Structure formats: structure tokens, C-alpha cells
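For reference, the structure is listed below as C-alpha cells.
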Amino acid sequence: MPSSRPQAKKLPSAEELSQLVSRFKSDNKSANANYREQSLKLHGWICAKCGREFERENLHLLTVHHRDGNHHNNPKDGSNWENLCVYCHDDEHSRLILAEYLNGTKS
């Protein structure tokens, strides 16, 4: 007489989980590089806040800031991105942290 209980699903092995995590990290890195390249093409090699222009030698100092704070919101039209130099990017985030603190929205 067959059992009416459903069979337990086999859990993935440690190696399968490791491969899955590695694949996810790899996919995520390429997606991040892709939106940075897109933002640089769309908005140019200039800081949207201070106006500093960048060359190939110092382009690593130009970052992509997500206006809504959601790093997963990457529309192809670039509407959630602005290129900021590392100094302006740090300033932008410190202002947000200060505003949250003053409004009592973060502890």
C-alpha cells in the first residue's frame, strides 16, 4: 500500500550551496559594473554635485549614487542614478544619516 505522505525534499549539499552563492556573487558584480558603465555613458564623466570632471586615470573616484537609496532600482534610462565624486557621495550619505537622526527615524 503506497504511503500518502509527501516525500521530503532533498536539501542541497554544501558544495551546491557554495556554487549557487558564487554564481549569485558573480552575477551581482557584473550587474553592478553594467549599471556603472551605463551611468557613465548617460551622465558623462562629471560629478553632478561639484562639477569636477574626470579622466581615465581618476575615473575610479567617480561613483554612481542611487537617488532613492535602493541599489536594486536600476532603470535603463538612468533616472535613479547620478554620478558623484567620492567626496560628494560621502557628503550626500552623511546628510541623509544626519537627517534621519534629527527626525528620529533611525536609532
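Labels used: A, B, ... for chains in the order of the C-alpha cells, numbers from 1 for residues in each chain, and numbers from 1 for ligands as shown.
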Problem set entry | DSSP-assigned helix (DSSP H, G or I) among stretch 50-101 of chain A, expressed as a list in words | Arg56, Glu57, Asn58, Leu59, His60, Leu61, Val86, Tyr87, Cys88, His89, Asp90, Asp91, Glu92, His93, Ser94, Arg95, Leu96, Ile97, Leu98, Ala99, Glu100 and Tyr101 of chain A
Can I get the selected residues back with N, CA and C atoms, as a PDB file, in the first residue's frame?
ATOM      1  N   ARG A  56      40.406  59.251 -17.492  1.00  0.00           N
ATOM      2  CA  ARG A  56      40.550  57.803 -17.311  1.00  0.00           C
ATOM      3  C   ARG A  56      41.388  57.465 -16.060  1.00  0.00           C
ATOM      4  N   GLU A  57      42.417  58.255 -15.780  1.00  0.00           N
ATOM      5  CA  GLU A  57      43.316  57.981 -14.659  1.00  0.00           C
ATOM      6  C   GLU A  57      42.625  58.085 -13.300  1.00  0.00           C
ATOM      7  N   ASN A  58      41.623  58.952 -13.173  1.00  0.00           N
ATOM      8  CA  ASN A  58      40.984  59.127 -11.875  1.00  0.00           C
ATOM      9  C   ASN A  58      39.484  58.776 -11.898  1.00  0.00           C
ATOM     10  N   LEU A  59      39.057  58.088 -12.922  1.00  0.00           N
ATOM     11  CA  LEU A  59      37.643  57.735 -13.076  1.00  0.00           C
ATOM     12  C   LEU A  59      37.135  56.863 -11.933  1.00  0.00           C
ATOM     13  N   HIS A  60      38.039  56.127 -11.286  1.00  0.00           N
ATOM     14  CA  HIS A  60      37.635  55.287 -10.149  1.00  0.00           C
ATOM     15  C   HIS A  60      37.096  56.122  -8.984  1.00  0.00           C
ATOM     16  N   LEU A  61      37.358  57.432  -8.983  1.00  0.00           N
ATOM     17  CA  LEU A  61      36.857  58.319  -7.934  1.00  0.00           C
ATOM     18  C   LEU A  61      35.444  58.825  -8.208  1.00  0.00           C
ATOM     19  N   VAL A  86      33.685  60.714  -5.042  1.00  0.00           N
ATOM     20  CA  VAL A  86      33.637  60.034  -3.747  1.00  0.00           C
ATOM     21  C   VAL A  86      33.387  61.014  -2.604  1.00  0.00           C
ATOM     22  N   TYR A  87      33.884  62.240  -2.731  1.00  0.00           N
ATOM     23  CA  TYR A  87      33.713  63.234  -1.671  1.00  0.00           C
ATOM     24  C   TYR A  87      32.256  63.693  -1.582  1.00  0.00           C
ATOM     25  N   CYS A  88      31.650  63.987  -2.713  1.00  0.00           N
ATOM     26  CA  CYS A  88      30.239  64.393  -2.733  1.00  0.00           C
ATOM     27  C   CYS A  88      29.328  63.227  -2.364  1.00  0.00           C
ATOM     28  N   HIS A  89      29.718  62.023  -2.762  1.00  0.00           N
ATOM     29  CA  HIS A  89      28.921  60.853  -2.425  1.00  0.00           C
ATOM     30  C   HIS A  89      28.910  60.642  -0.911  1.00  0.00           C
ATOM     31  N   ASP A  90      30.074  60.734  -0.279  1.00  0.00           N
ATOM     32  CA  ASP A  90      30.147  60.624   1.179  1.00  0.00           C
ATOM     33  C   ASP A  90      29.327  61.730   1.841  1.00  0.00           C
ATOM     34  N   ASP A  91      29.432  62.950   1.318  1.00  0.00           N
ATOM     35  CA  ASP A  91      28.674  64.079   1.868  1.00  0.00           C
ATOM     36  C   ASP A  91      27.174  63.828   1.761  1.00  0.00           C
ATOM     37  N   GLU A  92      26.733  63.312   0.624  1.00  0.00           N
ATOM     38  CA  GLU A  92      25.309  63.030   0.405  1.00  0.00           C
ATOM     39  C   GLU A  92      24.795  62.016   1.424  1.00  0.00           C
ATOM     40  N   HIS A  93      25.551  60.951   1.634  1.00  0.00           N
ATOM     41  CA  HIS A  93      25.122  59.924   2.577  1.00  0.00           C
ATOM     42  C   HIS A  93      25.187  60.412   4.025  1.00  0.00           C
ATOM     43  N   SER A  94      26.175  61.218   4.350  1.00  0.00           N
ATOM     44  CA  SER A  94      26.240  61.729   5.730  1.00  0.00           C
ATOM     45  C   SER A  94      25.091  62.693   5.995  1.00  0.00           C
ATOM     46  N   ARG A  95      24.656  63.438   4.988  1.00  0.00           N
ATOM     47  CA  ARG A  95      23.491  64.320   5.157  1.00  0.00           C
ATOM     48  C   ARG A  95      22.228  63.507   5.407  1.00  0.00           C
ATOM     49  N   LEU A  96      22.079  62.397   4.711  1.00  0.00           N
ATOM     50  CA  LEU A  96      20.907  61.540   4.904  1.00  0.00           C
ATOM     51  C   LEU A  96      20.905  60.929   6.301  1.00  0.00           C
ATOM     52  N   ILE A  97      22.059  60.505   6.759  1.00  0.00           N
ATOM     53  CA  ILE A  97      22.168  59.926   8.101  1.00  0.00           C
ATOM     54  C   ILE A  97      21.829  60.975   9.150  1.00  0.00           C
ATOM     55  N   LEU A  98      22.346  62.192   8.969  1.00  0.00           N
ATOM     56  CA  LEU A  98      22.057  63.270   9.907  1.00  0.00           C
ATOM     57  C   LEU A  98      20.568  63.607   9.905  1.00  0.00           C
ATOM     58  N   ALA A  99      19.958  63.668   8.739  1.00  0.00           N
ATOM     59  CA  ALA A  99      18.521  63.972   8.645  1.00  0.00           C
ATOM     60  C   ALA A  99      17.700  62.896   9.340  1.00  0.00           C
ATOM     61  N   GLU A 100      18.050  61.639   9.153  1.00  0.00           N
ATOM     62  CA  GLU A 100      17.337  60.546   9.821  1.00  0.00           C
ATOM     63  C   GLU A 100      17.476  60.657  11.330  1.00  0.00           C
ATOM     64  N   TYR A 101      18.669  61.004  11.772  1.00  0.00           N
ATOM     65  CA  TYR A 101      18.918  61.139  13.210  1.00  0.00           C
ATOM     66  C   TYR A 101      18.092  62.291  13.777  1.00  0.00           C
TER      67      TYR A 101
END
For this session: Just the strand (DSSP E) stuff from stretch 45-79 of chain A, please, per backbone DSSP, written as a ChimeraX atom specification.
Result: /A:62-66
Could you write out the selected residues, including all heavy atoms, as an mmCIF file, in the first residue's frame?
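Writing the result to part.cif gives the following:
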data_model
loop_
_atom_site.group_PDB
_atom_site.id
_atom_site.type_symbol
_atom_site.label_atom_id
_atom_site.label_comp_id
_atom_site.auth_asym_id
_atom_site.auth_seq_id
_atom_site.Cartn_x
_atom_site.Cartn_y
_atom_site.Cartn_z
ATOM 1 N N LEU A 62 34.892 58.450 -9.357
ATOM 2 C CA LEU A 62 33.524 58.837 -9.706
ATOM 3 C C LEU A 62 32.607 57.647 -9.456
ATOM 4 O O LEU A 62 32.818 56.566 -10.001
ATOM 5 C CB LEU A 62 33.444 59.274 -11.171
ATOM 6 C CG LEU A 62 32.138 59.907 -11.636
ATOM 7 C CD1 LEU A 62 31.839 61.175 -10.856
ATOM 8 C CD2 LEU A 62 32.210 60.221 -13.125
ATOM 9 N N THR A 63 31.613 57.843 -8.601
ATOM 10 C CA THR A 63 30.731 56.754 -8.197
ATOM 11 C C THR A 63 29.314 56.998 -8.701
ATOM 12 O O THR A 63 28.969 58.114 -9.092
ATOM 13 C CB THR A 63 30.688 56.620 -6.662
ATOM 14 O OG1 THR A 63 30.126 57.815 -6.119
ATOM 15 C CG2 THR A 63 32.069 56.390 -6.089
ATOM 16 N N VAL A 64 28.508 55.956 -8.651
ATOM 17 C CA VAL A 64 27.096 56.076 -9.018
ATOM 18 C C VAL A 64 26.282 56.116 -7.732
ATOM 19 O O VAL A 64 26.359 55.209 -6.905
ATOM 20 C CB VAL A 64 26.638 54.892 -9.895
ATOM 21 C CG1 VAL A 64 25.156 55.021 -10.219
ATOM 22 C CG2 VAL A 64 27.452 54.830 -11.168
ATOM 23 N N HIS A 65 25.526 57.186 -7.567
ATOM 24 C CA HIS A 65 24.649 57.346 -6.407
ATOM 25 C C HIS A 65 23.223 57.013 -6.822
ATOM 26 O O HIS A 65 22.753 57.470 -7.862
ATOM 27 C CB HIS A 65 24.727 58.793 -5.900
ATOM 28 C CG HIS A 65 23.759 59.098 -4.805
ATOM 29 N ND1 HIS A 65 23.864 58.570 -3.550
ATOM 30 C CD2 HIS A 65 22.667 59.892 -4.795
ATOM 31 C CE1 HIS A 65 22.875 59.021 -2.809
ATOM 32 N NE2 HIS A 65 22.131 59.829 -3.537
ATOM 33 N N HIS A 66 22.552 56.184 -6.021
ATOM 34 C CA HIS A 66 21.145 55.857 -6.270
ATOM 35 C C HIS A 66 20.299 56.894 -5.539
ATOM 36 O O HIS A 66 20.327 56.965 -4.308
ATOM 37 C CB HIS A 66 20.825 54.444 -5.777
ATOM 38 C CG HIS A 66 21.441 53.385 -6.615
ATOM 39 N ND1 HIS A 66 22.758 53.012 -6.490
ATOM 40 C CD2 HIS A 66 20.917 52.629 -7.603
ATOM 41 C CE1 HIS A 66 23.018 52.058 -7.366
ATOM 42 N NE2 HIS A 66 21.921 51.808 -8.061
#
Problem set entry | Contacts of stretch 34-47 of chain A at 6 Å (only C-alpha atoms; same-chain gap of 6+ positions) as a PyMOL selection string | chain A and resi 53-54+83-85
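Interatomic distance, atom CA of A:Asp68 against atom CA of A:Leu102: 19.3 Å.
The spacing separating atom CA of A:Lys49 from atom CA of A:Asn80 amounts to 15.0 Å.
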For this session: State, in Å with one decimal place, the distance from atom CA of A:Gly78 to atom CA of A:Ala48.
Result: 13.2 Å
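Nearest-residue note for A:Gly51: choosing from A:Lys10, A:Pro75, A:Val21, A:Glu82, the minimum distance belongs to A:Glu82, counting only C-alpha atoms.
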